[in-house]
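Notes follow the structure.
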Number of protein chains: 2
Amino acid sequence: MALDADAVVAELAARGLRLTRQRRAVVDAVAASRSCLSPLDVFQQARASCPDLGLTTVYRTLELLDEIGALRRIHGPSGCERLVPASAEHGHSVVCSACGRVTEFTDCDMAVVLAAASRETGYRITGHFLQLSGLCAECGAAPDRGRPARRRAKA
Amino acid sequence: MALDADAVVAELAARGLRLTRQRRAVVDAVAASRSCLSPLDVFQQARASCPDLGLTTVYRTLELLDEIGALRRIHGPSGCERLVPASAEHGHSVVCSACGRVTEFTDCDMAVVLAAASRETGYRITGHFLQLSGLCAECGAAPDRGRPARRRAKA
DNA sequence: CCTGAAAGTGAAAACCGTTTTCAAGAGGAG
DNA sequence: CTCCTCTTGAAAACGGTTTTCACTTTCAGG
Ligand SMILES: [Mn+2]
Ligand SMILES: [Mn+2]
Ligand SMILES: [Zn+2]
Ligand SMILES: [Zn+2]
């Protein structure tokens, strides 16, 4: 599901829930982001437009958006508690290792790989989690002038 | 790197480290496992053969084995702090959604998918994290008689 | 308008997996 | 044996997440 207010409103309404001022701020903060965010990041961003927002509500809203399928969890080197807006039903993330930008890609034809995996392991494959890393167009084009790589949490 | 005592000894020695009784117990516990383990799981398993083992040492040893490349981190639905022995240089895990068994597969030709992703996003792709889920041969063959699905942490 | 029920909220406390600290315990080299 | 480095476990500290709780908001029904 795409992460925009209208779609979220509809999905929430279907469950008898509301899009409050606070939830709206969280949705907007995640939707506006071009890189992956921690819950604390979301909190700080969202507070700009909703100063009385509480961190508790951020966690609650993120869980809600996750259930709805409006965001994707990113698997980082030290945990997978990073979040990114989902724009398509089925999509995967590509993370730029230089600047941290995250882009979604949907043209994912895994049939060949899945068949090979099935052959090798004997499993019947029903799902896949795929996340790519590399250099975004900007960082790849001017590697020397690129902004310094983001400091990774903990690592 | 394969996760067996000999290989670990060699790798540790190269760093001036030793394979102590405690580390040995941790290595054996991880190596013997057919599904993914939490650090606490490892602790409990390893304690069987080394009762005076401390949880701190388990964490330290797991980090060591991770650096060495002797284990793989698995991305679960509620975090990615699960561990699995690595048997090949480059490999991915397939997790059985019925019984939890984890198998590694190495025949992973992602060239086509990676090219498509690069075309769609403009990134130069340099790495991929792939994890599959499905039914293992045993669970797929007799879905009715399969052991009940494992209870997932938290979820 | 009231009014009651259900949804929603933030601060504070609890929780819990992980990391750090610290003093003690191996154990190999010389 | 002696020195020095590696190693260890208990306990404390840490930090992100979840729970609790008293309070507020929203809204449908009367
Ligand atoms: Mn896909
Ligand atoms: Mn691969
Ligand atoms: Zn970039
Ligand atoms: Zn199975």
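Residue names in the structure tokens use chain letters A, B, ... in the order shown, residue numbers from 1 in each chain, and ligand numbers from 1 in the order shown.
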
Problem set entry | Counting only C-alpha atoms, chain B residues within 8 Å of chain A, as a ChimeraX atom specification | /B:75,79-81,94,96,103-110,113,116-117,120-137,140

Could you fit chain A onto chain B by least squares over every C-alpha atom, paired in order, and give me the moved chain as an mmCIF file with C-alpha atoms, in the first residue's frame?
```cif
data_model
loop_
_atom_site.group_PDB
_atom_site.id
_atom_site.type_symbol
_atom_site.label_atom_id
_atom_site.label_comp_id
_atom_site.auth_asym_id
_atom_site.auth_seq_id
_atom_site.Cartn_x
_atom_site.Cartn_y
_atom_site.Cartn_z
ATOM 1 C CA MET A 1 33.906 -19.786 6.214
ATOM 2 C CA ALA A 2 32.610 -23.132 7.371
ATOM 3 C CA LEU A 3 31.782 -23.386 11.028
ATOM 4 C CA ASP A 4 33.932 -26.251 12.269
ATOM 5 C CA ALA A 5 36.467 -26.284 15.047
ATOM 6 C CA ASP A 6 39.511 -26.616 12.799
ATOM 7 C CA ALA A 7 38.651 -23.665 10.620
ATOM 8 C CA VAL A 8 37.767 -21.574 13.636
ATOM 9 C CA VAL A 9 40.990 -22.469 15.383
ATOM 10 C CA ALA A 10 42.965 -21.361 12.353
ATOM 11 C CA GLU A 11 41.125 -18.099 12.016
ATOM 12 C CA LEU A 12 41.435 -17.318 15.710
ATOM 13 C CA ALA A 13 45.109 -18.191 15.784
ATOM 14 C CA ALA A 14 45.686 -15.747 12.961
ATOM 15 C CA ARG A 15 44.486 -13.060 15.366
ATOM 16 C CA GLY A 16 46.402 -14.273 18.366
ATOM 17 C CA LEU A 17 43.275 -15.695 19.958
ATOM 18 C CA ARG A 18 42.534 -19.096 21.408
ATOM 19 C CA LEU A 19 39.726 -21.590 21.129
ATOM 20 C CA THR A 20 38.884 -22.042 24.768
ATOM 21 C CA ARG A 21 36.621 -24.655 26.282
ATOM 22 C CA GLN A 22 33.840 -22.073 26.445
ATOM 23 C CA ARG A 23 34.260 -20.893 22.877
ATOM 24 C CA ARG A 24 34.363 -24.459 21.746
ATOM 25 C CA ALA A 25 31.013 -25.114 23.383
ATOM 26 C CA VAL A 26 29.497 -22.121 21.622
ATOM 27 C CA VAL A 27 30.912 -23.134 18.253
ATOM 28 C CA ASP A 28 29.593 -26.648 18.646
ATOM 29 C CA ALA A 29 26.159 -25.484 19.701
ATOM 30 C CA VAL A 30 25.765 -23.230 16.681
ATOM 31 C CA ALA A 31 27.273 -25.765 14.293
ATOM 32 C CA ALA A 32 24.955 -28.525 15.483
ATOM 33 C CA SER A 33 21.806 -26.501 14.991
ATOM 34 C CA ARG A 34 19.442 -27.078 12.102
ATOM 35 C CA SER A 35 17.358 -24.015 12.782
ATOM 36 C CA CYS A 36 18.082 -20.484 13.777
ATOM 37 C CA LEU A 37 19.052 -19.731 17.328
ATOM 38 C CA SER A 38 18.865 -16.723 19.561
ATOM 39 C CA PRO A 39 21.887 -15.906 21.704
ATOM 40 C CA LEU A 40 19.944 -17.300 24.645
ATOM 41 C CA ASP A 41 19.270 -20.526 22.736
ATOM 42 C CA VAL A 42 22.970 -20.870 22.073
ATOM 43 C CA PHE A 43 23.691 -20.252 25.728
ATOM 44 C CA GLN A 44 21.339 -22.978 26.868
ATOM 45 C CA GLN A 45 22.544 -25.483 24.290
ATOM 46 C CA ALA A 46 26.181 -24.795 24.957
ATOM 47 C CA ARG A 47 25.734 -25.091 28.697
ATOM 48 C CA ALA A 48 24.975 -28.763 28.297
ATOM 49 C CA SER A 49 28.606 -29.369 27.454
ATOM 50 C CA CYS A 50 30.045 -26.522 29.499
ATOM 51 C CA PRO A 51 27.939 -25.895 32.586
ATOM 52 C CA ASP A 52 30.004 -23.004 33.899
ATOM 53 C CA LEU A 53 29.599 -21.016 30.701
ATOM 54 C CA GLY A 54 28.422 -17.437 31.093
ATOM 55 C CA LEU A 55 25.985 -15.605 28.864
ATOM 56 C CA THR A 56 28.489 -12.802 28.501
ATOM 57 C CA THR A 57 30.941 -15.165 26.890
ATOM 58 C CA VAL A 58 28.284 -16.370 24.488
ATOM 59 C CA TYR A 59 27.726 -12.827 23.263
ATOM 60 C CA ARG A 60 31.438 -12.244 22.969
ATOM 61 C CA THR A 61 31.988 -15.468 21.067
ATOM 62 C CA LEU A 62 29.077 -14.892 18.721
ATOM 63 C CA GLU A 63 30.479 -11.519 17.823
ATOM 64 C CA LEU A 64 33.819 -13.142 17.200
ATOM 65 C CA LEU A 65 32.299 -15.793 14.944
ATOM 66 C CA ASP A 66 30.410 -13.106 13.110
ATOM 67 C CA GLU A 67 33.597 -11.179 12.400
ATOM 68 C CA ILE A 68 35.219 -14.366 11.199
ATOM 69 C CA GLY A 69 32.253 -14.992 8.917
ATOM 70 C CA ALA A 70 31.409 -18.324 10.497
ATOM 71 C CA LEU A 71 27.779 -17.537 11.028
ATOM 72 C CA ARG A 72 24.961 -15.820 9.255
ATOM 73 C CA ARG A 73 22.424 -13.457 10.701
ATOM 74 C CA ILE A 74 18.835 -14.274 9.945
ATOM 75 C CA HIS A 75 16.209 -11.644 9.462
ATOM 76 C CA GLY A 76 13.127 -12.670 11.385
ATOM 77 C CA PRO A 77 9.734 -10.990 11.477
ATOM 78 C CA SER A 78 10.635 -9.319 14.751
ATOM 79 C CA GLY A 79 14.255 -8.450 14.379
ATOM 80 C CA CYS A 80 17.291 -10.028 12.880
ATOM 81 C CA GLU A 81 19.046 -11.297 15.932
ATOM 82 C CA ARG A 82 18.819 -14.929 14.951
ATOM 83 C CA LEU A 83 21.902 -16.897 14.006
ATOM 84 C CA VAL A 84 22.660 -19.780 11.768
ATOM 85 C CA PRO A 85 25.918 -21.546 10.937
ATOM 86 C CA ALA A 86 27.480 -20.551 7.638
ATOM 87 C CA SER A 87 28.779 -23.418 5.563
ATOM 88 C CA ALA A 88 29.919 -21.644 2.443
ATOM 89 C CA GLU A 89 31.596 -18.417 1.514
ATOM 90 C CA HIS A 90 28.565 -16.996 -0.206
ATOM 91 C CA GLY A 91 25.225 -18.422 0.718
ATOM 92 C CA HIS A 92 21.700 -17.533 1.685
ATOM 93 C CA SER A 93 19.183 -19.070 4.027
ATOM 94 C CA VAL A 94 15.847 -20.674 3.343
ATOM 95 C CA VAL A 95 13.644 -20.850 6.394
ATOM 96 C CA CYS A 96 10.826 -23.363 6.633
ATOM 97 C CA SER A 97 7.741 -21.529 7.758
ATOM 98 C CA ALA A 98 6.269 -24.696 9.247
ATOM 99 C CA CYS A 99 9.076 -26.218 11.296
ATOM 100 C CA GLY A 100 11.721 -23.511 11.459
ATOM 101 C CA ARG A 101 14.445 -25.539 9.817
ATOM 102 C CA VAL A 102 17.044 -23.434 8.044
ATOM 103 C CA THR A 103 18.986 -24.585 5.005
ATOM 104 C CA GLU A 104 21.665 -22.756 3.122
ATOM 105 C CA PHE A 105 21.704 -22.417 -0.619
ATOM 106 C CA THR A 106 24.581 -21.202 -2.729
ATOM 107 C CA ASP A 107 23.391 -21.521 -6.310
ATOM 108 C CA CYS A 108 22.421 -17.906 -6.441
ATOM 109 C CA ASP A 109 22.594 -16.295 -9.856
ATOM 110 C CA MET A 110 21.241 -12.838 -9.292
ATOM 111 C CA ALA A 111 22.721 -11.271 -12.417
ATOM 112 C CA VAL A 112 19.399 -10.798 -14.179
ATOM 113 C CA VAL A 113 17.591 -9.427 -11.149
ATOM 114 C CA LEU A 114 20.486 -7.145 -10.274
ATOM 115 C CA ALA A 115 20.633 -5.796 -13.800
ATOM 116 C CA ALA A 116 16.916 -5.043 -13.712
ATOM 117 C CA ALA A 117 17.241 -3.312 -10.363
ATOM 118 C CA SER A 118 20.142 -1.266 -11.622
ATOM 119 C CA ARG A 119 18.161 -0.245 -14.674
ATOM 120 C CA GLU A 120 15.138 0.745 -12.612
ATOM 121 C CA THR A 121 16.929 2.687 -9.886
ATOM 122 C CA GLY A 122 20.145 3.903 -11.465
ATOM 123 C CA TYR A 123 22.209 2.413 -8.652
ATOM 124 C CA ARG A 124 25.364 0.457 -9.240
ATOM 125 C CA ILE A 125 24.572 -2.703 -7.255
ATOM 126 C CA THR A 126 27.425 -4.096 -5.198
ATOM 127 C CA GLY A 127 25.771 -6.403 -2.702
ATOM 128 C CA HIS A 128 22.619 -8.311 -1.973
ATOM 129 C CA PHE A 129 20.919 -9.715 1.075
ATOM 130 C CA LEU A 130 18.502 -12.478 0.165
ATOM 131 C CA GLN A 131 16.540 -14.734 2.428
ATOM 132 C CA LEU A 132 13.854 -17.140 1.293
ATOM 133 C CA SER A 133 10.972 -18.735 3.102
ATOM 134 C CA GLY A 134 8.904 -21.752 2.219
ATOM 135 C CA LEU A 135 8.283 -25.349 3.174
ATOM 136 C CA CYS A 136 11.086 -27.830 3.639
ATOM 137 C CA ALA A 137 10.867 -31.178 1.869
ATOM 138 C CA GLU A 138 9.513 -32.853 4.965
ATOM 139 C CA CYS A 139 6.854 -30.277 5.762
ATOM 140 C CA GLY A 140 5.902 -29.845 2.110
ATOM 141 C CA ALA A 141 5.453 -33.557 1.567
ATOM 142 C CA ALA A 142 3.079 -34.111 4.483
ATOM 143 C CA PRO A 143 1.570 -30.737 5.211
ATOM 144 C CA ASP A 144 -1.233 -32.242 7.293
ATOM 145 C CA ARG A 145 1.028 -34.252 9.543
ATOM 146 C CA GLY A 146 3.665 -31.582 9.886
ATOM 147 C CA ARG A 147 4.584 -30.477 13.371
ATOM 148 C CA PRO A 148 2.733 -27.352 14.375
ATOM 149 C CA ALA A 149 4.320 -24.124 13.211
ATOM 150 C CA ARG A 150 6.785 -22.622 15.615
ATOM 151 C CA ARG A 151 5.565 -19.863 17.743
ATOM 152 C CA ARG A 152 7.196 -16.706 16.497
ATOM 153 C CA ALA A 153 8.775 -14.398 19.020
ATOM 154 C CA LYS A 154 6.509 -11.524 19.942
ATOM 155 C CA ALA A 155 4.412 -11.673 16.791
#
```

For this session: For DC21 (chain D), please output as a list of chain:residue names all residues within 12 Å (counting only C-alpha atoms (C1' of nucleotides); exclusion window: fewer than 6 positions along the same chain).
Result: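 Surrounding residues, per the criterion: C:DT9, C:DG10, C:DA11, C:DA12, C:DA13.
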
Expected file: the selected residues, N, CA and C atoms (P, O5', C5', C4', C3', O3' and C1' of nucleotides), as a PDB file, in the first residue's frame:
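Writing done, so here's out_39.pdb:
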```pdb
ATOM      1  P    DT C   9      -3.360   9.040  18.838  1.00  0.00           P
ATOM      2  O5'  DT C   9      -2.952   9.596  20.268  1.00  0.00           O
ATOM      3  C5'  DT C   9      -3.508  10.844  20.685  1.00  0.00           C
ATOM      4  C4'  DT C   9      -2.977  11.196  22.055  1.00  0.00           C
ATOM      5  C3'  DT C   9      -1.483  10.907  22.195  1.00  0.00           C
ATOM      6  O3'  DT C   9      -0.777  12.121  22.229  1.00  0.00           O
ATOM      7  C1'  DT C   9      -2.745  10.139  24.101  1.00  0.00           C
ATOM      8  P    DG C  10       0.773  12.088  22.157  1.00  0.00           P
ATOM      9  O5'  DG C  10       1.181  12.230  23.673  1.00  0.00           O
ATOM     10  C5'  DG C  10       0.771  13.386  24.373  1.00  0.00           C
ATOM     11  C4'  DG C  10       1.330  13.345  25.779  1.00  0.00           C
ATOM     12  C3'  DG C  10       2.845  13.142  25.843  1.00  0.00           C
ATOM     13  O3'  DG C  10       3.316  13.894  26.945  1.00  0.00           O
ATOM     14  C1'  DG C  10       1.744  11.291  26.866  1.00  0.00           C
ATOM     15  P    DA C  11       4.825  14.009  27.242  1.00  0.00           P
ATOM     16  O5'  DA C  11       4.909  13.384  28.705  1.00  0.00           O
ATOM     17  C5'  DA C  11       3.998  13.845  29.705  1.00  0.00           C
ATOM     18  C4'  DA C  11       4.182  13.043  30.971  1.00  0.00           C
ATOM     19  C3'  DA C  11       5.644  12.795  31.356  1.00  0.00           C
ATOM     20  O3'  DA C  11       5.769  12.984  32.756  1.00  0.00           O
ATOM     21  C1'  DA C  11       4.517  10.711  31.023  1.00  0.00           C
ATOM     22  P    DA C  12       7.192  12.751  33.428  1.00  0.00           P
ATOM     23  O5'  DA C  12       7.029  11.283  34.016  1.00  0.00           O
ATOM     24  C5'  DA C  12       5.795  10.920  34.617  1.00  0.00           C
ATOM     25  C4'  DA C  12       5.843   9.462  35.034  1.00  0.00           C
ATOM     26  C3'  DA C  12       7.221   9.002  35.507  1.00  0.00           C
ATOM     27  O3'  DA C  12       7.062   8.270  36.711  1.00  0.00           O
ATOM     28  C1'  DA C  12       6.449   7.589  33.767  1.00  0.00           C
ATOM     29  P    DA C  13       8.338   7.522  37.343  1.00  0.00           P
ATOM     30  O5'  DA C  13       8.030   5.982  37.055  1.00  0.00           O
ATOM     31  C5'  DA C  13       6.719   5.486  37.304  1.00  0.00           C
ATOM     32  C4'  DA C  13       6.632   4.039  36.842  1.00  0.00           C
ATOM     33  C3'  DA C  13       7.791   3.171  37.317  1.00  0.00           C
ATOM     34  O3'  DA C  13       7.261   1.979  37.865  1.00  0.00           O
ATOM     35  C1'  DA C  13       7.596   3.051  34.945  1.00  0.00           C
TER      36       DA C  13
END
```

For this session: Could you please tell me, as an NGL selection string, which residues of chain C have an atom within 12 Å of chain B when using only C-alpha atoms (C1' of nucleotides)?
Result: :C and (17-20 or 26-28)

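The closest residue to DT3 (chain C), picked from D:DT17, D:DG29, D:DC1, D:DT8 and counting only C-alpha atoms (C1' of nucleotides), is D:DG29.
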
Exercise. Which of these, D:DC23, D:DA28, D:DT2, D:DG16, has the shortest distance to chain A once you count only C-alpha atoms (C1' of nucleotides)?
Worked result: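 Closest to chain A, using only C-alpha atoms (C1' of nucleotides): D:DG16.
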
Exercise. Just asking: which residues within region 12-141 of chain A are strand (DSSP E or B) according to DSSP, as a ChimeraX atom specification?
Worked result: /A:35,37,71-76,79-85,92-96,101-105,124-135

Using N, CA, C and O atoms, can you write the selected residues to a file as a tab-separated table (two decimals), in the first residue's frame?
```tsv
chain	number	residue	atom	x	y	z
A	35	SER	N	15.45	8.46	3.05
A	35	SER	CA	16.35	7.42	3.55
A	35	SER	C	15.64	6.71	4.69
A	35	SER	O	14.50	7.03	5.02
A	37	LEU	N	14.69	5.52	8.40
A	37	LEU	CA	14.56	6.23	9.66
A	37	LEU	C	14.43	5.27	10.82
A	37	LEU	O	13.78	4.23	10.69
A	71	LEU	N	4.57	0.60	5.30
A	71	LEU	CA	6.01	0.82	5.38
A	71	LEU	C	6.76	-0.49	5.34
A	71	LEU	O	6.22	-1.55	5.57
A	72	ARG	N	8.03	-0.38	5.03
A	72	ARG	CA	8.89	-1.53	4.87
A	72	ARG	C	9.98	-1.49	5.92
A	72	ARG	O	10.49	-0.43	6.24
A	73	ARG	N	10.31	-2.64	6.44
A	73	ARG	CA	11.40	-2.69	7.41
A	73	ARG	C	12.70	-2.95	6.67
A	73	ARG	O	12.77	-3.81	5.80
A	74	ILE	N	13.70	-2.19	7.03
A	74	ILE	CA	15.00	-2.34	6.40
A	74	ILE	C	15.94	-3.08	7.32
A	74	ILE	O	15.95	-2.87	8.53
A	75	HIS	N	16.72	-3.93	6.72
A	75	HIS	CA	17.65	-4.76	7.46
A	75	HIS	C	19.02	-4.09	7.43
A	75	HIS	O	19.69	-4.10	6.41
A	76	GLY	N	19.39	-3.48	8.52
A	76	GLY	CA	20.68	-2.80	8.58
A	76	GLY	C	21.73	-3.71	9.16
A	76	GLY	O	21.43	-4.81	9.61
A	79	GLY	N	20.91	-4.66	13.04
A	79	GLY	CA	19.50	-4.76	13.36
A	79	GLY	C	18.63	-4.36	12.19
A	79	GLY	O	19.12	-3.86	11.19
A	80	CYS	N	17.38	-4.60	12.30
A	80	CYS	CA	16.49	-4.30	11.19
A	80	CYS	C	15.37	-3.39	11.64
A	80	CYS	O	14.25	-3.53	11.22
A	81	GLU	N	15.71	-2.47	12.51
A	81	GLU	CA	14.65	-1.62	13.04
A	81	GLU	C	14.58	-0.28	12.31
A	81	GLU	O	14.16	0.71	12.86
A	82	ARG	N	15.01	-0.30	11.05
A	82	ARG	CA	14.88	0.91	10.26
A	82	ARG	C	13.66	0.82	9.36
A	82	ARG	O	13.28	-0.25	8.93
A	83	LEU	N	13.09	1.98	9.05
A	83	LEU	CA	11.81	2.00	8.34
A	83	LEU	C	11.89	2.88	7.12
A	83	LEU	O	12.61	3.86	7.09
A	84	VAL	N	11.11	2.52	6.16
A	84	VAL	CA	11.10	3.21	4.89
A	84	VAL	C	9.67	3.17	4.35
A	84	VAL	O	8.96	2.18	4.57
A	85	PRO	N	9.21	4.23	3.69
A	85	PRO	CA	7.85	4.18	3.17
A	85	PRO	C	7.73	3.17	2.04
A	85	PRO	O	8.64	3.01	1.24
A	92	HIS	N	11.17	-3.88	-3.19
A	92	HIS	CA	12.33	-4.11	-2.37
A	92	HIS	C	13.13	-2.82	-2.31
A	92	HIS	O	12.95	-1.94	-3.14
A	93	SER	N	14.02	-2.74	-1.36
A	93	SER	CA	14.78	-1.50	-1.18
A	93	SER	C	16.20	-1.65	-1.68
A	93	SER	O	16.81	-2.72	-1.57
A	94	VAL	N	16.71	-0.56	-2.23
A	94	VAL	CA	18.12	-0.46	-2.56
A	94	VAL	C	18.67	0.68	-1.72
A	94	VAL	O	18.15	1.79	-1.77
A	95	VAL	N	19.69	0.38	-0.94
A	95	VAL	CA	20.24	1.38	-0.04
A	95	VAL	C	21.59	1.84	-0.58
A	95	VAL	O	22.46	1.02	-0.90
A	96	CYS	N	21.75	3.14	-0.70
A	96	CYS	CA	23.04	3.67	-1.15
A	96	CYS	C	24.03	3.62	0.01
A	96	CYS	O	23.77	4.17	1.07
A	101	ARG	N	20.61	7.06	0.98
A	101	ARG	CA	19.33	7.16	0.29
A	101	ARG	C	18.75	5.77	0.02
A	101	ARG	O	19.48	4.83	-0.28
A	102	VAL	N	17.44	5.66	0.14
A	102	VAL	CA	16.79	4.38	-0.12
A	102	VAL	C	15.79	4.54	-1.24
A	102	VAL	O	15.00	5.47	-1.24
A	103	THR	N	15.85	3.64	-2.21
A	103	THR	CA	14.92	3.67	-3.33
A	103	THR	C	14.26	2.30	-3.44
A	103	THR	O	14.88	1.29	-3.12
A	104	GLU	N	13.02	2.32	-3.87
A	104	GLU	CA	12.30	1.06	-3.98
A	104	GLU	C	12.35	0.57	-5.42
A	104	GLU	O	12.29	1.37	-6.36
A	105	PHE	N	12.49	-0.72	-5.58
A	105	PHE	CA	12.36	-1.24	-6.94
A	105	PHE	C	11.35	-2.39	-6.95
A	105	PHE	O	11.19	-3.10	-5.98
A	124	ARG	N	10.00	-25.90	-1.03
A	124	ARG	CA	9.06	-25.22	-1.91
A	124	ARG	C	9.06	-23.75	-1.47
A	124	ARG	O	8.65	-23.44	-0.36
A	125	ILE	N	9.57	-22.87	-2.32
A	125	ILE	CA	9.78	-21.47	-1.93
A	125	ILE	C	8.47	-20.70	-2.05
A	125	ILE	O	7.80	-20.75	-3.08
A	126	THR	N	8.12	-20.00	-0.98
A	126	THR	CA	6.87	-19.24	-1.01
A	126	THR	C	7.07	-17.75	-0.78
A	126	THR	O	6.13	-16.97	-0.98
A	127	GLY	N	8.24	-17.35	-0.37
A	127	GLY	CA	8.44	-15.92	-0.12
A	127	GLY	C	9.90	-15.55	-0.21
A	127	GLY	O	10.78	-16.40	-0.08
A	128	HIS	N	10.17	-14.29	-0.45
A	128	HIS	CA	11.56	-13.86	-0.48
A	128	HIS	C	11.72	-12.48	0.10
A	128	HIS	O	10.88	-11.62	-0.05
A	129	PHE	N	12.80	-12.31	0.83
A	129	PHE	CA	13.18	-11.00	1.36
A	129	PHE	C	14.46	-10.63	0.66
A	129	PHE	O	15.46	-11.33	0.75
A	130	LEU	N	14.42	-9.54	-0.08
A	130	LEU	CA	15.60	-9.12	-0.85
A	130	LEU	C	15.87	-7.66	-0.60
A	130	LEU	O	14.96	-6.83	-0.63
A	131	GLN	N	17.10	-7.36	-0.33
A	131	GLN	CA	17.49	-5.97	-0.13
A	131	GLN	C	18.85	-5.75	-0.77
A	131	GLN	O	19.79	-6.48	-0.50
A	132	LEU	N	18.94	-4.74	-1.61
A	132	LEU	CA	20.19	-4.50	-2.34
A	132	LEU	C	20.93	-3.31	-1.77
A	132	LEU	O	20.34	-2.43	-1.14
A	133	SER	N	22.22	-3.30	-2.00
A	133	SER	CA	23.01	-2.13	-1.62
A	133	SER	C	23.89	-1.75	-2.80
A	133	SER	O	24.21	-2.58	-3.65
A	134	GLY	N	24.27	-0.51	-2.84
A	134	GLY	CA	25.08	-0.03	-3.96
A	134	GLY	C	25.24	1.47	-3.89
A	134	GLY	O	25.14	2.06	-2.81
A	135	LEU	N	25.49	2.08	-5.03
A	135	LEU	CA	25.66	3.53	-5.08
A	135	LEU	C	24.53	4.14	-5.90
A	135	LEU	O	24.27	3.70	-7.02
```

Problem set entry | chain D contacts to chain A at 12 Å (only C-alpha atoms (C1' of nucleotides)) as a PyMOL selection string | chain D and resi 15-19+25-27

Problem set entry | helix (DSSP H, G or I) residues, from DSSP on the backbone, in region 10-129 of chain B, as a PyMOL selection string | chain B and resi 10-13+21-32+39-47+55-68+111-121

For this session: Using C1' of DC3 (chain D) and C1' of DG30 (chain C) as the two end points, give the distance in Å to one decimal.
Result: 9.1 Å
